[in-house]
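Asks: This is the structure I have questions about; it appears just below.
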Protein chains: 2
Amino acid sequence: VTPLTWAVLLPALLGGPVKVKADSPSIATRYQEDAHRLIAAALSDSSAYSRIAELSDRFGSRISGSPALEAAIDWILAKMKADGLANVHGEPVSVPHWVRGEESAELVTPRHVRLHMLGLGGSIGTPSGGITAPVLVVSSFADLQRHAAEAKGKIVVFDVAYPDTLTPFGAYGAVVPYRVTGAIAAARVGAVASLIRSIASLSLESPHTGVMIYDSTVQRIPHAALSVEDAELLHRMQERGEHPTLHLAMSASKLPDAPSRNVVAEVVGREHPEEVVVLGGHIDSWDVGEGAMDDAGGAVASWEAVRLLQRLGLHPRRTVRVVLWTSEEFGGVGGRAYREAHRADEPRHVAAMESDNGVFSPRGVRFTGSDSARAIVRQIGALLKEIGADGVTPNAGETDIAPLVADSVPGFGLDVDASKYFRYHHSEADTPDKLDPAEVARCVATLAVYAYVIADLPERLPR
Amino acid sequence: VTPLTWAVLLPALLGGPVKVKADSPSIATRYQEDAHRLIAAALSDSSAYSRIAELSDRFGSRISGSPALEAAIDWILAKMKADGLANVHGEPVSVPHWVRGEESAELVTPRHVRLHMLGLGGSIGTPSGGITAPVLVVSSFADLQRHAAEAKGKIVVFDVAYPDTLTPFGAYGAVVPYRVTGAIAAARVGAVASLIRSIASLSLESPHTGVMIYDSTVQRIPHAALSVEDAELLHRMQERGEHPTLHLAMSASKLPDAPSRNVVAEVVGREHPEEVVVLGGHIDSWDVGEGAMDDAGGAVASWEAVRLLQRLGLHPRRTVRVVLWTSEEFGGVGGRAYREAHRADEPRHVAAMESDNGVFSPRGVRFTGSDSARAIVRQIGALLKEIGADGVTPNAGETDIAPLVADSVPGFGLDVDASKYFRYHHSEADTPDKLDPAEVARCVATLAVYAYVIADLPERLPR
């Protein structure tokens, strides 16, 4: 008698198979087979990676307001229809249209060096002919205050290092205020322009852009990022008493808002088509690199997850809707527009999921919701143990779903190994080669299992 | 009675101090204290790193033939005199003078992309107006032969990956033939230009240059490096059947040879001033980045090692001579010139040492010489155990000392942890921030101990 035989015989000897209450089988029992099918199908398919690469290579970067973004959206809509997805359409969104133009930062004394720079998104340009001014390098906002008397007429450089000791997003959070609000602080003490050390966990003279803001109470001054190396060069020169002087020229400008679209497609629910699990990523990017990681990866992985349900004929009770949000990089414009457009049906949104930390090796989800929902989420997570994506940690995060989550829709962020994310983020190096097809496939599997199970559970996920 | 007292008393009780045979104390016995003094002094001094940074920042890149190289040499000569070193002088060398000029590589179909490129050193330019041609991507020389019939009139792209499974210099050796001789192979099958995937262990759209050669039996065609990412982009496009076409424009040219100098300075031997231990690095660099790692680091660490002997008043029996060779990057021009200029006194060269793998954490030396010499080298290495630099492995390598080593001068290459070397090598990212002051100080200590002990041993290191 082998153990297997005992497993068959024992229930019979004890009076027949163990009965589970018919109306409450566990999630494991009910969904194990479907989850396994989804995972196996995702892992045997490299089309997610291929589509990320093709989208990235074909259209390149897709900044808010650009023709490339709209061309990419047209291409996706056509592909989604060809995939056989339902209700494929674009939902109009008016989006910011900032254009970088020509730009340069040059060290003019003590010697001439063309620096590695990128203007920050939303910055004004310099006067034509540029600005030439001495540099004041500071190590923090507090350091700027200490040297406030020296800042007038200077180009302030915030040389603040990415703190390697924190988690990637913890480190980002610690230094991103210099990018977002550095121009305000510098203008307040009379600077004529401000520069930041790029937010980067590793640099090869590779500057990183990102959004910045002004404050109506102070002068607007140009704001740009230098490479880590160039910020350190200026700092060393200042410490040696060499009084570096820069010439900064930027023709950046803000044009009128432009028409764009959130991309929507569905697998329609078989019992409650009006109830919706929404998942997606953002389709816009910065205007450097190809935006392959941020966020073609999350957008395509979400799309592929829905296509996988369609392809396997897994039609859940509720609708699964993929949304590729537009203009995330300028402050979650597409995400806010989605919420506005769906005010009426927002109460029927069962869950909102986003992937925007790169489609690297998935560890599970970050979840925002009630304790009762979390208990169910943990059971769903357990279905992903075979690919190591069973983790459930707090705080969904994610810009595009934030308006829904703020209105109590349970929120999920795809949790990945983001240890290399800030090497590439918002830089020329955000290209498809940074992603691994097998890791991307595991992200697709994770998104597909969560979306399918939540959409199919007999009871709605509680708020 | 303390242990110290016993150490004094015991020999007296036993009949006087223990006598070591006067002419053969071990190297450990004889040099332990001096070695420890040198190590302690090097480790408590950050001037090596400061000088690398100042040299790099003040003059920037120092390509063979450039005014920046000669200005750097003038500055170093003046500093060496101020340091109190002896016989400070430049030895004239006529060096290659290749100038990059303006250059660009642009994808023109299927869409416009400005690629990340660097012309290779020695390449001809394109005709003015550039070359526009379809691309043929190949994976190896053998792959080029298989597609030889398709190469005519095309721009051949060698997309050959840096093999991560090898040691850093093993990997470099495996792919560097594409950089050095790729234009010859491509021209043989009728290509109009050739491009390589940059030799890089990690890339952030960061191209790497380096020297290339032609062959008088085939047409000279322009030869340049693309970033790893761009080579892969073209490869993906070709695999998708998108037939990429490039526009390549390079105004590179070769000017007449220019005057330069090998920099020489000494601590003169107290017994055999005519016998010489030579150590150094090369002072030229490529024309991108600051050449901080390759090889301001090795040059300055050698200089600092000699300055340390001077400062501590350690005057060995023989002369210790630092040489900063010029024009290494164009084929070891300075190293060959040094050998020619010193033909007469070459027999009195006791050892030749070079640091050109970056002044990263030192592990010891790579040694080329006789077994009897190696036994002595191992004993010297043991003096460096406290800083983990006691390793002695075969094959000195190093371009500038190669002519001396070929003539049987015992050769030493500083052996370091070069795992990050090919991130920065010959690229914009070769800047001082890539070096660590504590690691640099350990390199100085290793060079100083070896140079001092070899110069001071009663017997010359056997050939």
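Here's how to read the names in the structure tokens: chain A, B, ... by the order shown, residue numbers from 1 in each chain, ligand numbers from 1 in the order shown.
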If you superpose chain B onto chain A over the full set of Cα atoms in sequence order, what number do you get for the RMSD in Å?
Replies: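 It is 1.1 Å.
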Asks: Show me, as a list of chain:residue names, every residue of chain A with an atom at most 7 Å from chain B, counting only C-alpha atoms.
Replies: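 So the residues of chain A near chain B are A:Leu204, A:Glu205, A:Ser206, A:Glu229, A:Glu428, A:Ala429, A:Asp433.
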Asks: List as a ChimeraX atom specification the protein and nucleic acid residues near Ser47 in chain B, meaning an atom at most 12 Å away when only C-alpha atoms are counted, but skip any in the same chain fewer than 5 places from it.
Replies: /B:41-42,52-55,297,300-301,303-305,307-308,437-438,440-441,444
Asks: Closest to Asn357 in chain A among A:His282, A:His208, A:Arg336, A:Arg188, using only C-alpha atoms?
Replies: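 Between A:His282, A:His208, A:Arg336, A:Arg188, the residue approaching Asn357 in chain A most closely is A:His282.
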Asks: For Met212 in chain A, find every residue with an atom within 8 Å (counting only C-alpha atoms), except residues of its own chain fewer than 6 positions away, and show them as a list in words.
Replies: Leu120, Gly121, Gly122, Ser123, Arg179, Val180, Thr181 and His223 of chain A
Asks: Keeping only all heavy atoms, take the residues you just selected and write them out as a compact mmCIF listing (two decimals), in the first residue's frame.
Replies:
# COMPACT_ATOMS: atom_id res chain seq x y z
N LEU A 120 14.06 69.37 -16.64
CA LEU A 120 13.02 68.66 -15.91
C LEU A 120 11.65 69.03 -16.46
O LEU A 120 11.43 70.17 -16.91
CB LEU A 120 13.14 68.95 -14.42
CG LEU A 120 14.44 68.35 -13.82
CD1 LEU A 120 14.69 68.89 -12.42
CD2 LEU A 120 14.38 66.82 -13.80
N GLY A 121 10.74 68.09 -16.42
CA GLY A 121 9.44 68.23 -17.08
C GLY A 121 8.58 69.31 -16.46
O GLY A 121 8.19 69.19 -15.30
N GLY A 122 8.29 70.34 -17.25
CA GLY A 122 7.51 71.47 -16.77
C GLY A 122 8.34 72.71 -16.60
O GLY A 122 7.81 73.81 -16.43
N SER A 123 9.67 72.56 -16.69
CA SER A 123 10.54 73.73 -16.50
C SER A 123 10.33 74.75 -17.61
O SER A 123 10.06 74.39 -18.75
CB SER A 123 12.01 73.31 -16.50
OG SER A 123 12.85 74.46 -16.41
N ARG A 179 13.97 67.39 -6.90
CA ARG A 179 13.57 67.49 -8.30
C ARG A 179 12.25 68.26 -8.41
O ARG A 179 12.12 69.17 -9.24
CB ARG A 179 13.39 66.08 -8.90
CG ARG A 179 13.19 66.11 -10.40
CD ARG A 179 12.75 64.75 -10.94
NE ARG A 179 11.33 64.55 -10.68
CZ ARG A 179 10.74 63.36 -10.60
NH1 ARG A 179 11.44 62.24 -10.73
NH2 ARG A 179 9.45 63.27 -10.35
N VAL A 180 11.28 67.92 -7.56
CA VAL A 180 9.95 68.50 -7.71
C VAL A 180 9.93 69.97 -7.30
O VAL A 180 9.36 70.81 -8.00
CB VAL A 180 8.90 67.68 -6.92
CG1 VAL A 180 7.52 68.32 -7.03
CG2 VAL A 180 8.86 66.24 -7.45
N THR A 181 10.57 70.30 -6.19
CA THR A 181 10.41 71.66 -5.65
C THR A 181 11.73 72.44 -5.55
O THR A 181 11.75 73.54 -4.99
CB THR A 181 9.77 71.61 -4.23
OG1 THR A 181 10.70 70.97 -3.34
CG2 THR A 181 8.47 70.84 -4.23
N HIS A 223 14.99 74.73 -14.43
CA HIS A 223 15.33 73.65 -13.48
C HIS A 223 15.67 72.41 -14.30
O HIS A 223 14.89 72.00 -15.16
CB HIS A 223 14.10 73.42 -12.60
CG HIS A 223 14.30 72.55 -11.40
ND1 HIS A 223 15.44 72.60 -10.62
CD2 HIS A 223 13.50 71.62 -10.81
CE1 HIS A 223 15.32 71.73 -9.61
NE2 HIS A 223 14.15 71.12 -9.71
Asks: Using backbone DSSP assignments, extract all alpha helix (DSSP H) residues from range 42-225 of chain B; output them as an mmCIF file with C-alpha atoms, in the first residue's frame.
Replies:
data_model
loop_
_atom_site.group_PDB
_atom_site.id
_atom_site.type_symbol
_atom_site.label_atom_id
_atom_site.label_comp_id
_atom_site.auth_asym_id
_atom_site.auth_seq_id
_atom_site.Cartn_x
_atom_site.Cartn_y
_atom_site.Cartn_z
ATOM 1 C CA ALA B 42 49.746 55.369 2.565
ATOM 2 C CA LEU B 43 46.558 54.477 4.404
ATOM 3 C CA SER B 47 46.491 62.756 -1.333
ATOM 4 C CA ALA B 48 46.631 60.013 -3.991
ATOM 5 C CA TYR B 49 42.877 60.211 -4.532
ATOM 6 C CA SER B 50 42.918 64.017 -4.330
ATOM 7 C CA ARG B 51 45.642 64.211 -6.968
ATOM 8 C CA ILE B 52 43.808 61.789 -9.283
ATOM 9 C CA ALA B 53 40.675 63.933 -8.972
ATOM 10 C CA GLU B 54 42.527 67.214 -9.411
ATOM 11 C CA LEU B 55 44.490 65.986 -12.437
ATOM 12 C CA SER B 56 41.320 64.557 -13.999
ATOM 13 C CA ASP B 57 39.106 67.551 -13.274
ATOM 14 C CA ARG B 58 41.696 70.178 -14.180
ATOM 15 C CA PHE B 59 42.728 68.779 -17.569
ATOM 16 C CA PRO B 67 47.106 70.155 -25.781
ATOM 17 C CA ALA B 68 45.363 68.825 -22.645
ATOM 18 C CA LEU B 69 47.823 65.928 -22.426
ATOM 19 C CA GLU B 70 50.824 68.254 -22.680
ATOM 20 C CA ALA B 71 49.333 70.689 -20.170
ATOM 21 C CA ALA B 72 48.803 67.809 -17.753
ATOM 22 C CA ILE B 73 52.413 66.702 -18.252
ATOM 23 C CA ASP B 74 53.681 70.237 -17.527
ATOM 24 C CA TRP B 75 51.603 70.366 -14.358
ATOM 25 C CA ILE B 76 52.859 66.972 -13.191
ATOM 26 C CA LEU B 77 56.512 67.867 -13.858
ATOM 27 C CA ALA B 78 56.131 71.008 -11.772
ATOM 28 C CA LYS B 79 54.436 69.107 -8.938
ATOM 29 C CA MET B 80 57.103 66.392 -8.981
ATOM 30 C CA LYS B 81 59.817 69.030 -8.616
ATOM 31 C CA ALA B 82 57.874 70.619 -5.757
ATOM 32 C CA PHE B 141 32.936 36.951 -37.650
ATOM 33 C CA ALA B 142 31.643 33.485 -38.634
ATOM 34 C CA ASP B 143 28.113 34.879 -38.921
ATOM 35 C CA LEU B 144 29.470 37.642 -41.170
ATOM 36 C CA GLN B 145 31.002 34.986 -43.424
ATOM 37 C CA ARG B 146 27.665 33.160 -43.607
ATOM 38 C CA PRO B 168 36.790 40.917 -16.891
ATOM 39 C CA PHE B 169 39.972 40.829 -18.967
ATOM 40 C CA GLY B 170 39.102 37.401 -20.340
ATOM 41 C CA ALA B 171 35.795 38.797 -21.562
ATOM 42 C CA TYR B 172 37.555 41.839 -23.036
ATOM 43 C CA GLY B 173 40.024 39.614 -24.854
ATOM 44 C CA ALA B 174 37.166 37.577 -26.304
ATOM 45 C CA VAL B 175 35.408 40.541 -27.945
ATOM 46 C CA VAL B 176 38.126 43.142 -28.537
ATOM 47 C CA PRO B 177 39.007 41.662 -31.970
ATOM 48 C CA TYR B 178 35.713 43.083 -33.277
ATOM 49 C CA ARG B 179 36.783 46.566 -32.198
ATOM 50 C CA VAL B 180 40.373 46.258 -33.417
ATOM 51 C CA THR B 181 39.849 44.425 -36.719
ATOM 52 C CA GLY B 182 36.100 44.646 -37.412
ATOM 53 C CA ALA B 183 36.550 47.229 -40.171
ATOM 54 C CA ILE B 184 38.932 44.901 -42.018
ATOM 55 C CA ALA B 185 36.515 41.952 -41.936
ATOM 56 C CA ALA B 186 33.549 44.119 -42.919
ATOM 57 C CA ALA B 187 35.425 45.814 -45.794
ATOM 58 C CA ARG B 188 36.489 42.410 -47.133
#
Asks: Near His235 in chain A, within 10 Å and counting only C-alpha atoms, which residues show up once chain neighbours fewer than 3 positions away are dropped, as a CSV table (one decimal) with N, CA and C atoms, in the first residue's frame?
Replies:
chain,number,residue,atom,x,y,z
A,135,VAL,N,28.3,79.1,-9.9
A,135,VAL,CA,27.6,78.0,-9.3
A,135,VAL,C,27.7,78.1,-7.7
A,136,LEU,N,26.6,77.7,-7.1
A,136,LEU,CA,26.6,77.4,-5.6
A,136,LEU,C,26.1,76.0,-5.4
A,137,VAL,N,27.0,75.1,-5.0
A,137,VAL,CA,26.6,73.7,-4.8
A,137,VAL,C,26.2,73.6,-3.3
A,138,VAL,N,25.1,73.0,-3.1
A,138,VAL,CA,24.6,72.7,-1.7
A,138,VAL,C,24.3,71.2,-1.6
A,139,SER,N,24.2,70.8,-0.3
A,139,SER,CA,24.0,69.3,0.0
A,139,SER,C,22.6,69.0,0.4
A,157,VAL,N,23.1,74.3,-7.4
A,157,VAL,CA,23.2,72.9,-7.7
A,157,VAL,C,22.9,72.1,-6.4
A,158,PHE,N,21.9,71.3,-6.4
A,158,PHE,CA,21.6,70.4,-5.3
A,158,PHE,C,22.3,69.1,-5.5
A,159,ASP,N,23.4,68.9,-4.8
A,159,ASP,CA,24.2,67.6,-4.9
A,159,ASP,C,23.8,66.7,-3.8
A,229,GLU,N,27.8,62.3,-11.9
A,229,GLU,CA,29.2,62.6,-12.1
A,229,GLU,C,29.4,64.1,-12.2
A,230,ASP,N,28.6,64.8,-13.0
A,230,ASP,CA,28.8,66.2,-13.2
A,230,ASP,C,28.5,67.0,-11.9
A,231,ALA,N,27.4,66.6,-11.1
A,231,ALA,CA,27.2,67.2,-9.9
A,231,ALA,C,28.3,67.1,-8.9
A,232,GLU,N,28.9,65.9,-8.9
A,232,GLU,CA,30.1,65.7,-8.0
A,232,GLU,C,31.3,66.5,-8.5
A,238,GLN,N,34.1,73.3,-6.4
A,238,GLN,CA,33.8,74.3,-5.3
A,238,GLN,C,34.7,74.1,-4.1
A,239,GLU,N,34.8,72.8,-3.7
A,239,GLU,CA,35.6,72.5,-2.5
A,239,GLU,C,37.1,72.9,-2.7
A,240,ARG,N,37.6,72.9,-3.9
A,240,ARG,CA,39.0,73.3,-4.2
A,240,ARG,C,39.1,74.8,-4.4
A,241,GLY,N,38.0,75.5,-4.3
A,241,GLY,CA,38.0,76.9,-4.4
A,241,GLY,C,38.2,77.4,-5.9
A,242,GLU,N,37.7,76.5,-6.8
A,242,GLU,CA,37.9,76.9,-8.2
A,242,GLU,C,36.7,77.7,-8.9
A,243,HIS,N,35.7,78.0,-8.1
A,243,HIS,CA,34.6,78.9,-8.5
A,243,HIS,C,34.0,78.5,-9.9
A,244,PRO,N,33.5,77.4,-10.0
A,244,PRO,CA,32.9,77.0,-11.4
A,244,PRO,C,31.8,77.9,-11.8
Asks: When you look at range 453-457 of chain B with a cut-off of 10 Å (counting only C-alpha atoms), what residues show up, excluding the ones that are within fewer than 4 positions of it in the same chain? I need them as JSON, numbers by chain.
Replies: {"B": [27, 30, 31, 34, 35, 269, 270, 271, 272, 273, 275, 276, 277, 278, 314, 315, 316, 317, 318, 319, 320, 350, 351, 376, 377, 380, 383, 448, 449, 461]}
